[in-house]
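Colleague: Below is the file start.tsv, with TSV, N, CA and C atoms.
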chain	number	residue	atom	x	y	z
A	1	MET	N	-15.79	-24.50	-9.39
A	1	MET	CA	-15.34	-23.43	-10.26
A	1	MET	C	-14.25	-23.98	-11.17
A	2	LYS	N	-14.31	-23.63	-12.43
A	2	LYS	CA	-13.28	-24.10	-13.36
A	2	LYS	C	-11.95	-23.45	-13.00
A	3	ARG	N	-10.91	-24.17	-13.31
A	3	ARG	CA	-9.57	-23.69	-12.96
A	3	ARG	C	-9.22	-22.36	-13.63
A	4	ASP	N	-9.62	-22.20	-14.89
A	4	ASP	CA	-9.28	-20.94	-15.57
A	4	ASP	C	-9.99	-19.76	-14.91
A	5	ASN	N	-11.20	-19.99	-14.41
A	5	ASN	CA	-11.90	-18.93	-13.68
A	5	ASN	C	-11.19	-18.64	-12.36
A	6	LEU	N	-10.72	-19.69	-11.72
A	6	LEU	CA	-9.99	-19.52	-10.46
A	6	LEU	C	-8.71	-18.72	-10.68
A	7	VAL	N	-8.00	-19.02	-11.75
A	7	VAL	CA	-6.77	-18.30	-12.06
A	7	VAL	C	-7.10	-16.84	-12.39
A	8	ARG	N	-8.14	-16.61	-13.16
A	8	ARG	CA	-8.53	-15.25	-13.52
A	8	ARG	C	-8.91	-14.45	-12.27
A	9	LEU	N	-9.68	-15.06	-11.39
A	9	LEU	CA	-10.08	-14.40	-10.16
A	9	LEU	C	-8.86	-14.11	-9.28
A	10	THR	N	-7.95	-15.04	-9.20
A	10	THR	CA	-6.76	-14.86	-8.38
A	10	THR	C	-5.86	-13.78	-8.96
A	11	ARG	N	-5.75	-13.72	-10.27
A	11	ARG	CA	-4.97	-12.65	-10.91
A	11	ARG	C	-5.59	-11.28	-10.59
A	12	PHE	N	-6.91	-11.24	-10.62
A	12	PHE	CA	-7.60	-9.99	-10.28
A	12	PHE	C	-7.28	-9.59	-8.83
A	13	LYS	N	-7.31	-10.57	-7.92
A	13	LYS	CA	-7.00	-10.28	-6.52
A	13	LYS	C	-5.59	-9.74	-6.37
A	14	VAL	N	-4.65	-10.34	-7.09
A	14	VAL	CA	-3.25	-9.89	-7.02
A	14	VAL	C	-3.14	-8.47	-7.54
A	15	SER	N	-3.76	-8.18	-8.66
A	15	SER	CA	-3.66	-6.82	-9.21
A	15	SER	C	-4.33	-5.82	-8.28
A	16	GLU	N	-5.42	-6.21	-7.64
A	16	GLU	CA	-6.09	-5.32	-6.69
A	16	GLU	C	-5.21	-5.06	-5.47
A	17	LYS	N	-4.55	-6.09	-4.97
A	17	LYS	CA	-3.65	-5.93	-3.82
A	17	LYS	C	-2.48	-5.02	-4.19
A	18	ARG	N	-1.95	-5.18	-5.40
A	18	ARG	CA	-0.85	-4.31	-5.85
A	18	ARG	C	-1.31	-2.85	-5.93
A	19	ARG	N	-2.51	-2.65	-6.46
A	19	ARG	CA	-3.05	-1.31	-6.59
A	19	ARG	C	-3.24	-0.68	-5.21
A	20	GLN	N	-3.75	-1.45	-4.26
A	20	GLN	CA	-3.94	-0.94	-2.91
A	20	GLN	C	-2.61	-0.57	-2.27
A	21	LEU	N	-1.61	-1.42	-2.46
A	21	LEU	CA	-0.28	-1.16	-1.91
A	21	LEU	C	0.31	0.12	-2.52
A	22	GLU	N	0.17	0.27	-3.82
A	22	GLU	CA	0.68	1.48	-4.49
A	22	GLU	C	-0.02	2.73	-3.98
A	23	GLN	N	-1.32	2.63	-3.77
A	23	GLN	CA	-2.07	3.78	-3.25
A	23	GLN	C	-1.59	4.17	-1.85
A	24	LEU	N	-1.38	3.16	-1.00
A	24	LEU	CA	-0.91	3.44	0.36
A	24	LEU	C	0.47	4.08	0.34
A	25	GLU	N	1.36	3.56	-0.51
A	25	GLU	CA	2.71	4.12	-0.60
A	25	GLU	C	2.66	5.54	-1.14
A	26	LEU	N	1.81	5.78	-2.11
A	26	LEU	CA	1.65	7.13	-2.67
A	26	LEU	C	1.14	8.10	-1.61
A	27	MET	N	0.15	7.65	-0.85
A	27	MET	CA	-0.42	8.48	0.20
A	27	MET	C	0.63	8.77	1.28
A	28	MET	N	1.40	7.76	1.65
A	28	MET	CA	2.43	7.96	2.66
A	28	MET	C	3.47	8.97	2.18
A	29	GLY	N	3.87	8.88	0.93
A	29	GLY	CA	4.82	9.82	0.37
A	29	GLY	C	4.27	11.24	0.36
A	30	GLU	N	3.00	11.36	0.02
A	30	GLU	CA	2.36	12.68	-0.01
A	30	GLU	C	2.27	13.27	1.40
A	31	PHE	N	1.90	12.46	2.37
A	31	PHE	CA	1.83	12.93	3.76
A	31	PHE	C	3.20	13.35	4.27
A	32	ALA	N	4.22	12.57	3.94
A	32	ALA	CA	5.58	12.91	4.37
A	32	ALA	C	6.02	14.23	3.73
A	33	ARG	N	5.69	14.43	2.47
A	33	ARG	CA	6.03	15.67	1.78
A	33	ARG	C	5.32	16.86	2.44
A	34	MET	N	4.05	16.68	2.75
A	34	MET	CA	3.29	17.75	3.38
A	34	MET	C	3.85	18.07	4.78
A	35	ALA	N	4.25	17.05	5.52
A	35	ALA	CA	4.83	17.27	6.85
A	35	ALA	C	6.15	18.04	6.74
A	36	ALA	N	6.96	17.70	5.74
A	36	ALA	CA	8.23	18.41	5.55
A	36	ALA	C	7.96	19.87	5.17
A	37	GLU	N	6.95	20.09	4.36
A	37	GLU	CA	6.59	21.46	3.98
A	37	GLU	C	6.13	22.25	5.21
A	38	LEU	N	5.36	21.62	6.07
A	38	LEU	CA	4.92	22.28	7.31
A	38	LEU	C	6.11	22.58	8.22
A	39	ASP	N	7.07	21.66	8.28
A	39	ASP	CA	8.29	21.92	9.06
A	39	ASP	C	8.97	23.19	8.59
A	40	HIS	N	9.07	23.33	7.28
A	40	HIS	CA	9.70	24.50	6.69
A	40	HIS	C	8.91	25.77	7.06
A	41	GLN	N	7.59	25.70	6.97
A	41	GLN	CA	6.76	26.85	7.31
A	41	GLN	C	6.88	27.20	8.80
A	42	ILE	N	6.94	26.19	9.65
A	42	ILE	CA	7.10	26.41	11.10
A	42	ILE	C	8.42	27.12	11.37
A	43	SER	N	9.46	26.62	10.74
A	43	SER	CA	10.78	27.21	10.92
A	43	SER	C	10.80	28.68	10.48
A	44	ASN	N	10.20	28.95	9.32
A	44	ASN	CA	10.15	30.34	8.84
A	44	ASN	C	9.36	31.24	9.80
A	45	GLU	N	8.25	30.73	10.30
A	45	GLU	CA	7.42	31.51	11.21
A	45	GLU	C	8.16	31.79	12.52
A	46	GLU	N	8.88	30.79	13.02
A	46	GLU	CA	9.65	30.97	14.26
A	46	GLU	C	10.78	31.98	14.05
A	47	LYS	N	11.44	31.92	12.91
A	47	LYS	CA	12.50	32.88	12.62
A	47	LYS	C	11.94	34.29	12.54
A	48	LYS	N	10.79	34.43	11.88
A	48	LYS	CA	10.16	35.73	11.73
A	48	LYS	C	9.78	36.32	13.10
A	49	ALA	N	9.27	35.46	13.98
A	49	ALA	CA	8.85	35.93	15.31
A	49	ALA	C	10.01	36.01	16.29
A	50	GLY	N	11.06	35.25	16.02
A	50	GLY	CA	12.20	35.22	16.93
A	50	GLY	C	11.92	34.40	18.19
A	51	ILE	N	10.90	33.56	18.13
A	51	ILE	CA	10.51	32.75	19.30
A	51	ILE	C	10.40	31.29	18.85
A	52	THR	N	11.15	30.42	19.54
A	52	THR	CA	11.09	28.99	19.22
A	52	THR	C	10.47	28.17	20.35
A	53	ASP	N	10.25	28.78	21.49
A	53	ASP	CA	9.66	28.09	22.63
A	53	ASP	C	8.15	28.05	22.46
A	54	ILE	N	7.61	26.84	22.29
A	54	ILE	CA	6.17	26.73	22.02
A	54	ILE	C	5.31	27.08	23.23
A	55	THR	N	5.92	27.12	24.43
A	55	THR	CA	5.15	27.50	25.63
A	55	THR	C	5.15	29.01	25.87
A	56	HIS	N	5.95	29.74	25.09
A	56	HIS	CA	6.02	31.19	25.24
A	56	HIS	C	4.67	31.80	24.85
A	57	PHE	N	4.22	32.78	25.60
A	57	PHE	CA	2.90	33.39	25.36
A	57	PHE	C	2.77	34.05	23.99
A	58	ALA	N	3.89	34.47	23.40
A	58	ALA	CA	3.84	35.15	22.11
A	58	ALA	C	4.22	34.23	20.95
A	59	TYR	N	4.30	32.93	21.21
A	59	TYR	CA	4.62	31.99	20.13
A	59	TYR	C	3.55	32.12	19.03
A	60	PRO	N	3.98	32.18	17.78
A	60	PRO	CA	3.04	32.41	16.67
A	60	PRO	C	1.92	31.36	16.60
A	61	THR	N	0.71	31.83	16.48
A	61	THR	CA	-0.46	30.96	16.39
A	61	THR	C	-0.39	30.06	15.16
A	62	PHE	N	0.07	30.63	14.05
A	62	PHE	CA	0.21	29.84	12.82
A	62	PHE	C	1.16	28.68	13.04
A	63	ALA	N	2.28	28.93	13.73
A	63	ALA	CA	3.26	27.87	13.98
A	63	ALA	C	2.66	26.78	14.86
A	64	LYS	N	1.85	27.17	15.85
A	64	LYS	CA	1.19	26.18	16.70
A	64	LYS	C	0.26	25.29	15.87
A	65	ALA	N	-0.54	25.93	15.04
A	65	ALA	CA	-1.48	25.18	14.20
A	65	ALA	C	-0.73	24.28	13.21
A	66	ALA	N	0.35	24.80	12.64
A	66	ALA	CA	1.14	24.01	11.69
A	66	ALA	C	1.80	22.82	12.38
A	67	ARG	N	2.27	23.04	13.61
A	67	ARG	CA	2.85	21.93	14.38
A	67	ARG	C	1.82	20.82	14.61
A	68	SER	N	0.62	21.24	14.95
A	68	SER	CA	-0.45	20.27	15.18
A	68	SER	C	-0.76	19.47	13.91
A	69	ARG	N	-0.87	20.16	12.80
A	69	ARG	CA	-1.12	19.48	11.52
A	69	ARG	C	0.04	18.56	11.17
A	70	ARG	N	1.28	19.05	11.37
A	70	ARG	CA	2.45	18.23	11.07
A	70	ARG	C	2.47	16.97	11.94
A	71	ASP	N	2.15	17.11	13.22
A	71	ASP	CA	2.13	15.96	14.11
A	71	ASP	C	1.06	14.95	13.68
A	72	ASN	N	-0.10	15.46	13.27
A	72	ASN	CA	-1.15	14.57	12.77
A	72	ASN	C	-0.70	13.83	11.52
A	73	LEU	N	-0.04	14.54	10.62
A	73	LEU	CA	0.47	13.89	9.40
A	73	LEU	C	1.53	12.85	9.73
A	74	THR	N	2.40	13.16	10.68
A	74	THR	CA	3.44	12.21	11.08
A	74	THR	C	2.82	10.95	11.67
A	75	ASN	N	1.78	11.13	12.49
A	75	ASN	CA	1.07	9.96	13.03
A	75	ASN	C	0.40	9.16	11.92
A	76	SER	N	-0.16	9.86	10.95
A	76	SER	CA	-0.79	9.18	9.82
A	76	SER	C	0.24	8.39	9.01
A	77	VAL	N	1.44	8.93	8.85
A	77	VAL	CA	2.50	8.23	8.13
A	77	VAL	C	2.85	6.93	8.87
A	78	GLN	N	2.92	7.01	10.20
A	78	GLN	CA	3.21	5.80	10.99
A	78	GLN	C	2.10	4.76	10.80
A	79	ASP	N	0.86	5.21	10.83
A	79	ASP	CA	-0.27	4.30	10.62
A	79	ASP	C	-0.22	3.69	9.22
A	80	LEU	N	0.14	4.50	8.23
A	80	LEU	CA	0.23	3.99	6.87
A	80	LEU	C	1.34	2.96	6.73
A	81	ARG	N	2.44	3.15	7.46
A	81	ARG	CA	3.51	2.15	7.42
A	81	ARG	C	2.99	0.79	7.88
A	82	THR	N	2.19	0.81	8.94
A	82	THR	CA	1.60	-0.44	9.44
A	82	THR	C	0.67	-1.04	8.38
A	83	GLN	N	-0.14	-0.20	7.76
A	83	GLN	CA	-1.05	-0.68	6.71
A	83	GLN	C	-0.28	-1.20	5.50
A	84	ILE	N	0.83	-0.56	5.18
A	84	ILE	CA	1.64	-1.00	4.04
A	84	ILE	C	2.23	-2.38	4.33
A	85	ASN	N	2.72	-2.58	5.54
A	85	ASN	CA	3.26	-3.89	5.89
A	85	ASN	C	2.18	-4.97	5.78
A	86	ALA	N	0.98	-4.66	6.26
A	86	ALA	CA	-0.13	-5.62	6.14
A	86	ALA	C	-0.49	-5.85	4.68
A	87	ALA	N	-0.47	-4.80	3.87
A	87	ALA	CA	-0.79	-4.93	2.44
A	87	ALA	C	0.27	-5.75	1.71
A	88	LYS	N	1.53	-5.60	2.11
A	88	LYS	CA	2.59	-6.40	1.50
A	88	LYS	C	2.39	-7.88	1.81
A	89	LEU	N	2.02	-8.18	3.05
A	89	LEU	CA	1.76	-9.57	3.42
A	89	LEU	C	0.57	-10.13	2.64
A	90	ALA	N	-0.48	-9.33	2.51
A	90	ALA	CA	-1.66	-9.77	1.76
A	90	ALA	C	-1.31	-9.99	0.29
A	91	LEU	N	-0.45	-9.14	-0.26
A	91	LEU	CA	-0.02	-9.31	-1.65
A	91	LEU	C	0.79	-10.59	-1.81
A	92	GLU	N	1.69	-10.85	-0.89
A	92	GLU	CA	2.48	-12.08	-0.95
A	92	GLU	C	1.58	-13.31	-0.89
A	93	GLU	N	0.58	-13.27	-0.03
A	93	GLU	CA	-0.36	-14.39	0.07
A	93	GLU	C	-1.14	-14.56	-1.23
A	94	ALA	N	-1.58	-13.46	-1.80
A	94	ALA	CA	-2.33	-13.52	-3.05
A	94	ALA	C	-1.45	-14.05	-4.19
A	95	GLU	N	-0.18	-13.64	-4.21
A	95	GLU	CA	0.74	-14.13	-5.25
A	95	GLU	C	0.98	-15.62	-5.08
A	96	ALA	N	1.10	-16.09	-3.83
A	96	ALA	CA	1.27	-17.53	-3.58
A	96	ALA	C	0.03	-18.30	-4.01
A	97	GLU	N	-1.14	-17.72	-3.75
A	97	GLU	CA	-2.40	-18.34	-4.17
A	97	GLU	C	-2.48	-18.41	-5.69
A	98	LEU	N	-2.03	-17.37	-6.36
A	98	LEU	CA	-2.02	-17.35	-7.82
A	98	LEU	C	-1.08	-18.43	-8.36
A	99	LEU	N	0.08	-18.53	-7.79
A	99	LEU	CA	1.04	-19.56	-8.22
A	99	LEU	C	0.44	-20.95	-8.09
A	100	HIS	N	-0.22	-21.18	-6.97
A	100	HIS	CA	-0.85	-22.47	-6.73
A	100	HIS	C	-1.95	-22.73	-7.76
A	101	ALA	N	-2.78	-21.73	-8.03
A	101	ALA	CA	-3.87	-21.88	-9.01
A	101	ALA	C	-3.31	-22.14	-10.41
A	102	GLU	N	-2.22	-21.46	-10.75
A	102	GLU	CA	-1.61	-21.68	-12.07
A	102	GLU	C	-1.03	-23.08	-12.18
A	103	LYS	N	-0.45	-23.57	-11.10
A	103	LYS	CA	0.07	-24.95	-11.12
A	103	LYS	C	-1.05	-25.95	-11.29
A	104	LEU	N	-2.17	-25.73	-10.60
A	104	LEU	CA	-3.31	-26.62	-10.75
A	104	LEU	C	-3.84	-26.59	-12.18
A	105	GLU	N	-3.90	-25.40	-12.76
A	105	GLU	CA	-4.38	-25.27	-14.14
A	105	GLU	C	-3.44	-26.01	-15.11
A	106	MET	N	-2.13	-25.86	-14.89
A	106	MET	CA	-1.17	-26.56	-15.76
A	106	MET	C	-1.32	-28.07	-15.61
A	107	ARG	N	-1.48	-28.54	-14.37
A	107	ARG	CA	-1.63	-29.97	-14.13
A	107	ARG	C	-2.89	-30.49	-14.81
A	108	ASP	N	-3.98	-29.75	-14.70
A	108	ASP	CA	-5.23	-30.16	-15.35
A	108	ASP	C	-5.07	-30.15	-16.86
A	109	GLY	N	-4.34	-29.17	-17.38
A	109	GLY	CA	-4.11	-29.11	-18.83
A	109	GLY	C	-3.30	-30.29	-19.31
A	110	GLN	N	-2.30	-30.68	-18.53
A	110	GLN	CA	-1.50	-31.85	-18.90
A	110	GLN	C	-2.34	-33.12	-18.83
A	111	ARG	N	-3.17	-33.22	-17.81
A	111	ARG	CA	-4.03	-34.40	-17.66
A	111	ARG	C	-5.00	-34.50	-18.83
A	112	ASP	N	-5.57	-33.36	-19.23
A	112	ASP	CA	-6.49	-33.36	-20.37
A	112	ASP	C	-5.76	-33.77	-21.65
A	113	GLY	N	-4.53	-33.31	-21.80
A	113	GLY	CA	-3.74	-33.68	-22.98
A	113	GLY	C	-3.43	-35.17	-22.98
A	114	ASP	N	-3.12	-35.73	-21.82
A	114	ASP	CA	-2.86	-37.17	-21.72
A	114	ASP	C	-4.11	-37.97	-22.05
A	115	ASP	N	-5.27	-37.50	-21.57
A	115	ASP	CA	-6.54	-38.18	-21.86
A	115	ASP	C	-6.83	-38.16	-23.35
A	116	ASP	N	-6.57	-37.05	-24.00
A	116	ASP	CA	-6.82	-36.93	-25.45
A	116	ASP	C	-5.92	-37.89	-26.22
A	117	ARG	N	-4.65	-38.01	-25.78
A	117	ARG	CA	-3.73	-38.93	-26.47
A	117	ARG	C	-4.17	-40.38	-26.29
A	118	ARG	N	-4.63	-40.72	-25.09
A	118	ARG	CA	-5.09	-42.09	-24.82
A	118	ARG	C	-6.28	-42.42	-25.70
A	119	GLU	N	-7.19	-41.47	-25.84
A	119	GLU	CA	-8.38	-41.70	-26.67
A	119	GLU	C	-7.97	-41.87	-28.13
A	120	ALA	N	-6.98	-41.12	-28.59
A	120	ALA	CA	-6.55	-41.23	-29.98
A	120	ALA	C	-5.86	-42.56	-30.23
A	121	VAL	N	-5.10	-43.07	-29.26
A	121	VAL	CA	-4.38	-44.32	-29.41
A	121	VAL	C	-5.35	-45.50	-29.26
A	122	GLY	N	-6.27	-45.39	-28.32
A	122	GLY	CA	-7.18	-46.48	-27.95
A	122	GLY	C	-8.20	-46.71	-28.96
For the structure just supplied, provide its representation as structure tokens.
Modeller:
Amino acid sequence: MKRDNLVRLTRFKVSEKRRQLEQLELMMGEFARMAAELDHQISNEEKKAGITDITHFAYPTFAKAARSRRDNLTNSVQDLRTQINAAKLALEEAEAELLHAEKLEMRDGQRDGDDDRREAVG
């Protein structure tokens, strides 16, 4: 594969890794926002009912369901943190690969320039 194609492909990989990382961070932020909103709704429902003990027989059904959704979102946020860390590592690797490919391309370009000068002198 020609070096310029390698650099182009590697740049594409880096931009794709960045896009994936941004999507994960956006999703994590959205899940955290939704969990905070559910916390607020749970609190309001508990105040309205006057019951905060989730084992109480009259604990609001909506609050129970909201707690379950909030817990699922919180678990998803934790999972996304793990995925974000992995995505950051993959991005760093892709950026290092890009740097290496660009150095190879520059070296080849210099070598080609030296060859052209030798042919002109010779």
Colleague: Could you give me, as a list in words, the residues within 9 Å of stretch 69-75 of chain A, counting only C-alpha atoms and dropping anything in the same chain fewer than 4 positions from it?
Modeller: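 Once the nearby chain positions are removed, what remains is Phe31, Ala32, Met34, Ala35, Ala36, Glu37, Leu38, Asp39, Lys64, Ala65, Asp79 and Leu80 of chain A.
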Colleague: How many Å lie between atom CA of A:Leu26 and atom CA of A:Gln78, rounded to one decimal?
Modeller: 13.8 Å
Colleague: What lies within 8 Å of stretch 6-13 of chain A using only N, CA and C atoms, ignoring chain neighbours under 5 positions off, as a list in words?
Modeller: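 Selected residues are Met1, Arg18, Arg19, Ala90, Leu91, Ala94, Glu95, Glu97, Leu98, Leu99, His100, Ala101, Glu102 and Glu105 of chain A.
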Colleague: Among stretch 46-83 of chain A, which residues carry a DSSP assignment of alpha helix (DSSP H), reported as a list in words?
Modeller: Glu46, Lys47, Lys48, Ala49, Thr61, Phe62, Ala63, Lys64, Ala65, Ala66, Arg67, Ser68, Arg69, Arg70, Asp71, Asn72, Leu73, Thr74, Asn75, Ser76, Val77, Gln78, Asp79, Leu80, Arg81, Thr82 and Gln83 of chain A
Colleague: Using N, CA and C atoms, can you export the residues from the last selection as a short mmCIF file (atom, residue, chain, number, x, y, z; two decimals), in the frame of the given file?
Modeller:
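Now in selection-v9.cif:
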data_model
loop_
_atom_site.label_atom_id
_atom_site.label_comp_id
_atom_site.auth_asym_id
_atom_site.auth_seq_id
_atom_site.Cartn_x
_atom_site.Cartn_y
_atom_site.Cartn_z
N GLU A 46 8.88 30.79 13.02
CA GLU A 46 9.65 30.97 14.26
C GLU A 46 10.78 31.98 14.05
N LYS A 47 11.44 31.92 12.91
CA LYS A 47 12.50 32.88 12.62
C LYS A 47 11.94 34.29 12.54
N LYS A 48 10.79 34.43 11.88
CA LYS A 48 10.16 35.73 11.73
C LYS A 48 9.78 36.32 13.10
N ALA A 49 9.27 35.46 13.98
CA ALA A 49 8.85 35.93 15.31
C ALA A 49 10.01 36.01 16.29
N THR A 61 0.71 31.83 16.48
CA THR A 61 -0.46 30.96 16.39
C THR A 61 -0.39 30.06 15.16
N PHE A 62 0.07 30.63 14.05
CA PHE A 62 0.21 29.84 12.82
C PHE A 62 1.16 28.68 13.04
N ALA A 63 2.28 28.93 13.73
CA ALA A 63 3.26 27.87 13.98
C ALA A 63 2.66 26.78 14.86
N LYS A 64 1.85 27.17 15.85
CA LYS A 64 1.19 26.18 16.70
C LYS A 64 0.26 25.29 15.87
N ALA A 65 -0.54 25.93 15.04
CA ALA A 65 -1.48 25.18 14.20
C ALA A 65 -0.73 24.28 13.21
N ALA A 66 0.35 24.80 12.64
CA ALA A 66 1.14 24.01 11.69
C ALA A 66 1.80 22.82 12.38
N ARG A 67 2.27 23.04 13.61
CA ARG A 67 2.85 21.93 14.38
C ARG A 67 1.82 20.82 14.61
N SER A 68 0.62 21.24 14.95
CA SER A 68 -0.45 20.27 15.18
C SER A 68 -0.76 19.47 13.91
N ARG A 69 -0.87 20.16 12.80
CA ARG A 69 -1.12 19.48 11.52
C ARG A 69 0.04 18.56 11.17
N ARG A 70 1.28 19.05 11.37
CA ARG A 70 2.45 18.23 11.07
C ARG A 70 2.47 16.97 11.94
N ASP A 71 2.15 17.11 13.22
CA ASP A 71 2.13 15.96 14.11
C ASP A 71 1.06 14.95 13.68
N ASN A 72 -0.10 15.46 13.27
CA ASN A 72 -1.15 14.57 12.77
C ASN A 72 -0.70 13.83 11.52
N LEU A 73 -0.04 14.54 10.62
CA LEU A 73 0.47 13.89 9.40
C LEU A 73 1.53 12.85 9.73
N THR A 74 2.40 13.16 10.68
CA THR A 74 3.44 12.21 11.08
C THR A 74 2.82 10.95 11.67
N ASN A 75 1.78 11.13 12.49
CA ASN A 75 1.07 9.96 13.03
C ASN A 75 0.40 9.16 11.92
N SER A 76 -0.16 9.86 10.95
CA SER A 76 -0.79 9.18 9.82
C SER A 76 0.24 8.39 9.01
N VAL A 77 1.44 8.93 8.85
CA VAL A 77 2.50 8.23 8.13
C VAL A 77 2.85 6.93 8.87
N GLN A 78 2.92 7.01 10.20
CA GLN A 78 3.21 5.80 10.99
C GLN A 78 2.10 4.76 10.80
N ASP A 79 0.86 5.21 10.83
CA ASP A 79 -0.27 4.30 10.62
C ASP A 79 -0.22 3.69 9.22
N LEU A 80 0.14 4.50 8.23
CA LEU A 80 0.23 3.99 6.87
C LEU A 80 1.34 2.96 6.73
N ARG A 81 2.44 3.15 7.46
CA ARG A 81 3.51 2.15 7.42
C ARG A 81 2.99 0.79 7.88
N THR A 82 2.19 0.81 8.94
CA THR A 82 1.60 -0.44 9.44
C THR A 82 0.67 -1.04 8.38
N GLN A 83 -0.14 -0.20 7.76
CA GLN A 83 -1.05 -0.68 6.71
C GLN A 83 -0.28 -1.20 5.50
#
Colleague: Go ahead and compute the interatomic distance for atom N of A:Pro60 and atom C of A:Glu46, in Å to one decimal.
Modeller: 7.8 Å
Colleague: Which is closer to A:Arg67 than all the others in A:Ala96, A:Leu89, A:Ile42, A:Ile84, using only C-alpha atoms?
Modeller: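 Checking each candidate against A:Arg67, we get A:Ile42 as the closest.
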Colleague: Could you work out how far atom N of A:Leu21 lies from atom N of A:Ala86, giving the answer in Å with one decimal?
Modeller: 9.7 Å
Colleague: Which one of A:Val77, A:Ala63, A:Met27, A:Ala87 sits closest to A:Ser43 if you count only N, CA and C atoms?
Modeller: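 Residue with the minimum atom-to-atom distance to A:Ser43: A:Ala63.
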Colleague: Could you check which of A:Val14, A:Met28, A:Ala58, A:Ala66 is closest to A:Lys88, using only C-alpha atoms?
Modeller: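 Among the listed residues, the smallest separation from A:Lys88 belongs to A:Val14.
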Colleague: Please output stretch 14-25 of chain A, rebuilt to include N, CA, C and O atoms, as a compact mmCIF listing (two decimals), in the frame of the given file.
Modeller:
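As a result, out-v9.txt now contains:
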# COMPACT_ATOMS: atom_id res chain seq x y z
N VAL A 14 -4.65 -10.34 -7.09
CA VAL A 14 -3.25 -9.89 -7.02
C VAL A 14 -3.14 -8.47 -7.54
O VAL A 14 -2.49 -7.62 -6.90
N SER A 15 -3.76 -8.18 -8.66
CA SER A 15 -3.66 -6.82 -9.21
C SER A 15 -4.33 -5.82 -8.28
O SER A 15 -3.84 -4.69 -8.12
N GLU A 16 -5.42 -6.21 -7.64
CA GLU A 16 -6.09 -5.32 -6.69
C GLU A 16 -5.21 -5.06 -5.47
O GLU A 16 -5.12 -3.93 -4.99
N LYS A 17 -4.55 -6.09 -4.97
CA LYS A 17 -3.65 -5.93 -3.82
C LYS A 17 -2.48 -5.02 -4.19
O LYS A 17 -2.06 -4.19 -3.38
N ARG A 18 -1.95 -5.18 -5.40
CA ARG A 18 -0.85 -4.31 -5.85
C ARG A 18 -1.31 -2.85 -5.93
O ARG A 18 -0.61 -1.94 -5.51
N ARG A 19 -2.51 -2.65 -6.46
CA ARG A 19 -3.05 -1.31 -6.59
C ARG A 19 -3.24 -0.68 -5.21
O ARG A 19 -2.87 0.48 -4.99
N GLN A 20 -3.75 -1.45 -4.26
CA GLN A 20 -3.94 -0.94 -2.91
C GLN A 20 -2.61 -0.57 -2.27
O GLN A 20 -2.49 0.48 -1.62
N LEU A 21 -1.61 -1.42 -2.46
CA LEU A 21 -0.28 -1.16 -1.91
C LEU A 21 0.31 0.12 -2.52
O LEU A 21 0.84 0.97 -1.80
N GLU A 22 0.17 0.27 -3.82
CA GLU A 22 0.68 1.48 -4.49
C GLU A 22 -0.02 2.73 -3.98
O GLU A 22 0.63 3.76 -3.76
N GLN A 23 -1.32 2.63 -3.77
CA GLN A 23 -2.07 3.78 -3.25
C GLN A 23 -1.59 4.17 -1.85
O GLN A 23 -1.42 5.35 -1.54
N LEU A 24 -1.38 3.16 -1.00
CA LEU A 24 -0.91 3.44 0.36
C LEU A 24 0.47 4.08 0.34
O LEU A 24 0.73 5.04 1.07
N GLU A 25 1.36 3.56 -0.51
CA GLU A 25 2.71 4.12 -0.60
C GLU A 25 2.66 5.54 -1.14
O GLU A 25 3.40 6.41 -0.67
